[in-house]
Amino acid sequence: MKDRVLNKIKSIVLPLVDVNESKEVLKAFNENQISPIYHYHIRKTAGTSINYAFIKELFNGDVEKNYALLAKKYNHRLYNQEQIIVGWNKKLINSCKYSFAFSHLPYHKVNLKDKSTYTITCLRNPFDRLISHYNMLMHYKKNSVSHECMRTEGVWLGKSFSDFLNNVPENHLKNQLFMFSERMELNEAIDNISKLNKVLFTDNLATDLNQLGKEVGLNLESFNKKSYNTKSEINDSDKNMLIEMLGEEITFYNTLKNTYDSTK
């Protein structure tokens, strides 16, 4: 009964709040002639560090506190008189009325209204990225962390890394490829990612962020986020299996690395 009453109140109040907030956001956006930046955030590629770098530069105060506020707020939007940040909200992301936005939405589910939006992503060695994903889930399991992803992904762990490889869905196994091709087709993914303004790499993040900052007129500093103590031992057989399974994503990564890596 109590939940029904609260939901009813929210259904009445939130639309009114949103209309007023949208007016204030639009005013800030127009008065400051903001050029939107959007981050296609691939999981386990240091994407949260990139988001932190933008939040720290665009908003005063504690970056972790601001990120937590963004995550907690009903529409995942923070703003002041000069800047607007959006996370995870597809409708607001597509509106392009922000300074910076990010989400895990794949390329085929994003339809940015402002085609001049500056778009970025970050890639990581596919082998390292998948191991990092596994270590994260193992850390949550061993430490009884009730992260929302465990509802779906916890069962992938099974009793071994081999079980994990057999259980993890292909679009998560090859998440970088899937981000830019729903069919996980190599040439389509390369074609779509080439339409972005900037491709960063996890193993060169500090330098890439510095260069990105110069291009967009911001001082972007690298953050070391989400380091887990769990480091699983992977035997040679499982390593070889993983390399074989990653196949086209490794080719995708190497192609982009040779094309966009600023250290080459």
# chains A, B, ... in the order shown; residues from 1 in each chain; ligands from 1
$ select_by_dssp --residues "region 23-61 of chain A" --states "strand (DSSP E)" --output "VMD selection string"
chain A and resid 37 to 40
$ residues_around --residues "region 174-181 of chain A" --least-positions-apart "5" --cutoff "12 Å" --atoms "only C-alpha atoms" --output "ChimeraX atom specification"
/A:39-45,103-110,121-130,133,165,168-169,186-196,242-256
$ residues_around --residues "Gly158 (chain A)" --least-positions-apart "6" --cutoff "12 Å" --atoms "only C-alpha atoms" --output "list in words"
Tyr134, Leu137, Met138, Lys141, Phe164, Leu165, Asn166, Asn167 and Val168 of chain A
$ atom_distance --atom1 "CA of Tyr38 (chain A)" --atom2 "CA of Thr117 (chain A)"
6.8 Å
$ select_by_dssp --residues "region 136-165 of chain A" --states "alpha helix (DSSP H)" --output "PyMOL selection string"
chain A and resi 136-142+150-153+161-165
$ residues_around --residues "region 58-65 of chain A" --least-positions-apart "2" --cutoff "9 Å" --atoms "only C-alpha atoms" --output "list in words"
Tyr52, Ala53, Phe54, Ile55, Lys56, Tyr67, Ala68, Leu69, Leu70, Tyr79, Asn80, Glu82, Gln83, Ile84, Ile85, Ser99, Phe100 and Leu218 of chain A
$ atom_distance --atom1 "CA of Asn229 (chain A)" --atom2 "CA of Ser144 (chain A)"
13.8 Å
$ atom_distance --atom1 "CA of Lys198 (chain A)" --atom2 "CA of Ile120 (chain A)"
4.8 Å
$ residues_around --residues "Leu205 (chain A)" --least-positions-apart "5" --cutoff "10 Å" --atoms "only C-alpha atoms" --output "compact mmCIF listing (two decimals) with all heavy atoms, in the first residue's frame"
# COMPACT_ATOMS: atom_id res chain seq x y z
N THR A 45 36.99 -0.97 -19.51
CA THR A 45 38.02 -0.34 -20.35
C THR A 45 38.54 0.96 -19.73
O THR A 45 39.12 1.79 -20.42
CB THR A 45 37.47 -0.02 -21.76
OG1 THR A 45 36.38 0.92 -21.63
CG2 THR A 45 36.99 -1.26 -22.48
N ALA A 46 38.31 1.14 -18.43
CA ALA A 46 38.65 2.38 -17.70
C ALA A 46 37.71 3.52 -18.07
O ALA A 46 38.03 4.69 -17.90
CB ALA A 46 40.11 2.79 -17.95
N GLY A 47 36.52 3.17 -18.53
CA GLY A 47 35.54 4.19 -18.90
C GLY A 47 35.10 5.04 -17.74
O GLY A 47 34.85 6.24 -17.89
N SER A 49 36.90 5.97 -15.27
CA SER A 49 37.97 6.96 -15.06
C SER A 49 37.80 8.14 -16.01
O SER A 49 38.05 9.29 -15.64
CB SER A 49 39.34 6.31 -15.28
OG SER A 49 39.59 5.32 -14.30
N ILE A 50 37.38 7.86 -17.24
CA ILE A 50 37.13 8.94 -18.21
C ILE A 50 35.95 9.78 -17.74
O ILE A 50 36.01 11.02 -17.77
CB ILE A 50 36.85 8.33 -19.60
CG1 ILE A 50 38.09 7.62 -20.12
CG2 ILE A 50 36.40 9.42 -20.57
CD1 ILE A 50 37.86 6.81 -21.38
N CYS A 122 36.68 4.21 -25.56
CA CYS A 122 37.99 3.72 -25.12
C CYS A 122 38.03 2.21 -25.30
O CYS A 122 37.09 1.50 -24.93
CB CYS A 122 38.23 4.08 -23.65
SG CYS A 122 39.90 3.69 -23.06
N LEU A 123 39.13 1.71 -25.90
CA LEU A 123 39.31 0.29 -26.15
C LEU A 123 40.42 -0.29 -25.27
O LEU A 123 41.34 0.42 -24.90
CB LEU A 123 39.65 0.04 -27.63
CG LEU A 123 38.64 0.50 -28.67
CD1 LEU A 123 39.15 0.21 -30.07
CD2 LEU A 123 37.27 -0.13 -28.44
N LEU A 200 40.23 6.30 -27.62
CA LEU A 200 41.29 6.24 -26.61
C LEU A 200 41.62 4.77 -26.33
O LEU A 200 40.86 3.88 -26.71
CB LEU A 200 40.86 6.94 -25.32
CG LEU A 200 40.54 8.44 -25.39
CD1 LEU A 200 39.11 8.68 -25.84
CD2 LEU A 200 40.75 9.09 -24.03
N ASN A 210 44.91 13.55 -22.03
CA ASN A 210 45.55 14.85 -22.17
C ASN A 210 45.33 15.41 -23.57
O ASN A 210 44.99 16.60 -23.73
CB ASN A 210 47.04 14.72 -21.86
CG ASN A 210 47.76 16.06 -21.95
OD1 ASN A 210 48.37 16.38 -22.95
ND2 ASN A 210 47.68 16.84 -20.88
N GLN A 211 45.50 14.57 -24.57
CA GLN A 211 45.28 15.01 -25.95
C GLN A 211 43.82 15.33 -26.22
O GLN A 211 43.51 16.32 -26.89
CB GLN A 211 45.79 13.94 -26.92
CG GLN A 211 47.30 13.78 -26.92
CD GLN A 211 47.77 12.79 -27.97
OE1 GLN A 211 46.97 12.11 -28.61
NE2 GLN A 211 49.08 12.67 -28.14
N GLU A 221 42.19 14.88 -16.30
CA GLU A 221 43.17 14.11 -15.56
C GLU A 221 42.71 12.67 -15.40
O GLU A 221 41.53 12.41 -15.16
CB GLU A 221 43.38 14.73 -14.16
CG GLU A 221 43.88 16.15 -14.18
CD GLU A 221 44.01 16.73 -12.78
OE1 GLU A 221 43.81 15.97 -11.81
OE2 GLU A 221 44.30 17.92 -12.66
N SER A 222 43.64 11.74 -15.51
CA SER A 222 43.31 10.32 -15.39
C SER A 222 43.08 9.93 -13.94
O SER A 222 43.79 10.37 -13.04
CB SER A 222 44.45 9.47 -15.97
OG SER A 222 44.15 8.11 -15.86
N PHE A 223 42.05 9.10 -13.71
CA PHE A 223 41.73 8.57 -12.38
C PHE A 223 41.92 7.06 -12.41
O PHE A 223 41.55 6.40 -13.37
CB PHE A 223 40.28 8.87 -12.01
CG PHE A 223 40.05 10.27 -11.52
CD1 PHE A 223 39.91 11.31 -12.43
CD2 PHE A 223 39.94 10.55 -10.18
CE1 PHE A 223 39.69 12.60 -12.00
CE2 PHE A 223 39.71 11.84 -9.73
CZ PHE A 223 39.59 12.87 -10.64
$ closest_residue --among "A:Thr202, A:Thr48, A:Asn111, A:Thr119" --to "Gly87 (chain A)" --atoms "only C-alpha atoms"
A:Thr48
$ decode --residues "region 69-81 of chain A" --atoms "all heavy atoms" --output "PDB file, in the first residue's frame"
ATOM      1  N   LEU A  69      25.718  11.216  -6.832  1.00  0.00           N
ATOM      2  CA  LEU A  69      24.480  11.990  -6.991  1.00  0.00           C
ATOM      3  C   LEU A  69      23.872  11.758  -8.368  1.00  0.00           C
ATOM      4  O   LEU A  69      22.653  11.614  -8.505  1.00  0.00           O
ATOM      5  CB  LEU A  69      24.764  13.483  -6.792  1.00  0.00           C
ATOM      6  CG  LEU A  69      25.050  13.956  -5.365  1.00  0.00           C
ATOM      7  CD1 LEU A  69      25.509  15.416  -5.375  1.00  0.00           C
ATOM      8  CD2 LEU A  69      23.815  13.803  -4.487  1.00  0.00           C
ATOM      9  N   LEU A  70      24.722  11.709  -9.373  1.00  0.00           N
ATOM     10  CA  LEU A  70      24.265  11.468 -10.738  1.00  0.00           C
ATOM     11  C   LEU A  70      23.598  10.094 -10.847  1.00  0.00           C
ATOM     12  O   LEU A  70      22.547   9.942 -11.473  1.00  0.00           O
ATOM     13  CB  LEU A  70      25.452  11.549 -11.702  1.00  0.00           C
ATOM     14  CG  LEU A  70      25.166  11.327 -13.182  1.00  0.00           C
ATOM     15  CD1 LEU A  70      24.335  12.473 -13.743  1.00  0.00           C
ATOM     16  CD2 LEU A  70      26.467  11.192 -13.965  1.00  0.00           C
ATOM     17  N   ALA A  71      24.211   9.091 -10.216  1.00  0.00           N
ATOM     18  CA  ALA A  71      23.676   7.733 -10.261  1.00  0.00           C
ATOM     19  C   ALA A  71      22.353   7.622  -9.508  1.00  0.00           C
ATOM     20  O   ALA A  71      21.449   6.889  -9.913  1.00  0.00           O
ATOM     21  CB  ALA A  71      24.692   6.757  -9.686  1.00  0.00           C
ATOM     22  N   LYS A  72      22.242   8.369  -8.434  1.00  0.00           N
ATOM     23  CA  LYS A  72      21.065   8.276  -7.565  1.00  0.00           C
ATOM     24  C   LYS A  72      19.883   9.078  -8.101  1.00  0.00           C
ATOM     25  O   LYS A  72      18.727   8.693  -7.882  1.00  0.00           O
ATOM     26  CB  LYS A  72      21.434   8.765  -6.163  1.00  0.00           C
ATOM     27  CG  LYS A  72      20.340   8.577  -5.129  1.00  0.00           C
ATOM     28  CD  LYS A  72      20.824   9.017  -3.745  1.00  0.00           C
ATOM     29  CE  LYS A  72      19.740   8.821  -2.698  1.00  0.00           C
ATOM     30  NZ  LYS A  72      20.187   9.237  -1.349  1.00  0.00           N
ATOM     31  N   LYS A  73      20.153  10.167  -8.802  1.00  0.00           N
ATOM     32  CA  LYS A  73      19.071  11.056  -9.237  1.00  0.00           C
ATOM     33  C   LYS A  73      18.133  10.345 -10.209  1.00  0.00           C
ATOM     34  O   LYS A  73      18.573   9.562 -11.050  1.00  0.00           O
ATOM     35  CB  LYS A  73      19.656  12.315  -9.892  1.00  0.00           C
ATOM     36  CG  LYS A  73      18.626  13.418 -10.042  1.00  0.00           C
ATOM     37  CD  LYS A  73      19.240  14.692 -10.569  1.00  0.00           C
ATOM     38  CE  LYS A  73      18.136  15.715 -10.786  1.00  0.00           C
ATOM     39  NZ  LYS A  73      18.520  16.711 -11.780  1.00  0.00           N
ATOM     40  N   TYR A  74      16.850  10.652 -10.126  1.00  0.00           N
ATOM     41  CA  TYR A  74      15.838   9.906 -10.871  1.00  0.00           C
ATOM     42  C   TYR A  74      16.055   9.935 -12.376  1.00  0.00           C
ATOM     43  O   TYR A  74      15.768   8.965 -13.086  1.00  0.00           O
ATOM     44  CB  TYR A  74      14.432  10.433 -10.528  1.00  0.00           C
ATOM     45  CG  TYR A  74      14.077  11.751 -11.172  1.00  0.00           C
ATOM     46  CD1 TYR A  74      13.336  11.795 -12.352  1.00  0.00           C
ATOM     47  CD2 TYR A  74      14.488  12.959 -10.611  1.00  0.00           C
ATOM     48  CE1 TYR A  74      13.013  12.999 -12.946  1.00  0.00           C
ATOM     49  CE2 TYR A  74      14.170  14.155 -11.187  1.00  0.00           C
ATOM     50  CZ  TYR A  74      13.436  14.187 -12.365  1.00  0.00           C
ATOM     51  OH  TYR A  74      13.137  15.384 -12.958  1.00  0.00           O
ATOM     52  N   ASN A  75      16.567  11.053 -12.921  1.00  0.00           N
ATOM     53  CA  ASN A  75      16.772  11.136 -14.374  1.00  0.00           C
ATOM     54  C   ASN A  75      18.251  11.108 -14.765  1.00  0.00           C
ATOM     55  O   ASN A  75      18.587  11.293 -15.937  1.00  0.00           O
ATOM     56  CB  ASN A  75      16.105  12.382 -14.949  1.00  0.00           C
ATOM     57  CG  ASN A  75      16.682  13.682 -14.388  1.00  0.00           C
ATOM     58  OD1 ASN A  75      17.586  13.653 -13.539  1.00  0.00           O
ATOM     59  ND2 ASN A  75      16.178  14.816 -14.853  1.00  0.00           N
ATOM     60  N   HIS A  76      19.117  10.900 -13.806  1.00  0.00           N
ATOM     61  CA  HIS A  76      20.571  10.813 -14.046  1.00  0.00           C
ATOM     62  C   HIS A  76      21.112  12.045 -14.786  1.00  0.00           C
ATOM     63  O   HIS A  76      21.905  11.925 -15.726  1.00  0.00           O
ATOM     64  CB  HIS A  76      20.909   9.541 -14.827  1.00  0.00           C
ATOM     65  CG  HIS A  76      20.458   8.286 -14.163  1.00  0.00           C
ATOM     66  ND1 HIS A  76      20.791   7.974 -12.862  1.00  0.00           N
ATOM     67  CD2 HIS A  76      19.680   7.256 -14.617  1.00  0.00           C
ATOM     68  CE1 HIS A  76      20.248   6.801 -12.543  1.00  0.00           C
ATOM     69  NE2 HIS A  76      19.568   6.362 -13.567  1.00  0.00           N
ATOM     70  N   ARG A  77      20.704  13.213 -14.308  1.00  0.00           N
ATOM     71  CA  ARG A  77      21.205  14.459 -14.892  1.00  0.00           C
ATOM     72  C   ARG A  77      21.579  15.429 -13.772  1.00  0.00           C
ATOM     73  O   ARG A  77      20.811  15.664 -12.857  1.00  0.00           O
ATOM     74  CB  ARG A  77      20.159  15.109 -15.803  1.00  0.00           C
ATOM     75  CG  ARG A  77      20.586  16.456 -16.365  1.00  0.00           C
ATOM     76  CD  ARG A  77      19.651  16.945 -17.467  1.00  0.00           C
ATOM     77  NE  ARG A  77      18.287  17.169 -16.987  1.00  0.00           N
ATOM     78  CZ  ARG A  77      17.250  17.434 -17.784  1.00  0.00           C
ATOM     79  NH1 ARG A  77      17.433  17.489 -19.097  1.00  0.00           N
ATOM     80  NH2 ARG A  77      16.039  17.616 -17.269  1.00  0.00           N
ATOM     81  N   LEU A  78      22.778  15.980 -13.853  1.00  0.00           N
ATOM     82  CA  LEU A  78      23.235  17.039 -12.963  1.00  0.00           C
ATOM     83  C   LEU A  78      23.474  18.295 -13.787  1.00  0.00           C
ATOM     84  O   LEU A  78      23.920  18.213 -14.937  1.00  0.00           O
ATOM     85  CB  LEU A  78      24.540  16.642 -12.260  1.00  0.00           C
ATOM     86  CG  LEU A  78      24.522  15.467 -11.295  1.00  0.00           C
ATOM     87  CD1 LEU A  78      25.911  15.275 -10.690  1.00  0.00           C
ATOM     88  CD2 LEU A  78      23.483  15.662 -10.187  1.00  0.00           C
ATOM     89  N   TYR A  79      23.215  19.443 -13.187  1.00  0.00           N
ATOM     90  CA  TYR A  79      23.457  20.687 -13.927  1.00  0.00           C
ATOM     91  C   TYR A  79      23.670  21.841 -12.959  1.00  0.00           C
ATOM     92  O   TYR A  79      23.262  21.803 -11.803  1.00  0.00           O
ATOM     93  CB  TYR A  79      22.287  20.999 -14.862  1.00  0.00           C
ATOM     94  CG  TYR A  79      21.000  21.386 -14.157  1.00  0.00           C
ATOM     95  CD1 TYR A  79      20.635  22.720 -14.011  1.00  0.00           C
ATOM     96  CD2 TYR A  79      20.155  20.409 -13.620  1.00  0.00           C
ATOM     97  CE1 TYR A  79      19.456  23.076 -13.358  1.00  0.00           C
ATOM     98  CE2 TYR A  79      18.995  20.749 -12.969  1.00  0.00           C
ATOM     99  CZ  TYR A  79      18.639  22.086 -12.848  1.00  0.00           C
ATOM    100  OH  TYR A  79      17.480  22.433 -12.196  1.00  0.00           O
ATOM    101  N   ASN A  80      24.346  22.839 -13.469  1.00  0.00           N
ATOM    102  CA  ASN A  80      24.436  24.126 -12.777  1.00  0.00           C
ATOM    103  C   ASN A  80      24.238  25.205 -13.831  1.00  0.00           C
ATOM    104  O   ASN A  80      23.726  24.913 -14.928  1.00  0.00           O
ATOM    105  CB  ASN A  80      25.771  24.257 -12.025  1.00  0.00           C
ATOM    106  CG  ASN A  80      26.983  24.074 -12.938  1.00  0.00           C
ATOM    107  OD1 ASN A  80      26.944  24.386 -14.135  1.00  0.00           O
ATOM    108  ND2 ASN A  80      28.067  23.562 -12.376  1.00  0.00           N
ATOM    109  N   GLN A  81      24.630  26.431 -13.538  1.00  0.00           N
ATOM    110  CA  GLN A  81      24.380  27.516 -14.480  1.00  0.00           C
ATOM    111  C   GLN A  81      25.242  27.430 -15.735  1.00  0.00           C
ATOM    112  O   GLN A  81      24.958  28.102 -16.732  1.00  0.00           O
ATOM    113  CB  GLN A  81      24.604  28.863 -13.789  1.00  0.00           C
ATOM    114  CG  GLN A  81      23.576  29.172 -12.704  1.00  0.00           C
ATOM    115  CD  GLN A  81      23.810  30.533 -12.061  1.00  0.00           C
ATOM    116  OE1 GLN A  81      24.893  31.084 -12.114  1.00  0.00           O
ATOM    117  NE2 GLN A  81      22.763  31.071 -11.450  1.00  0.00           N
TER     118      GLN A  81
END
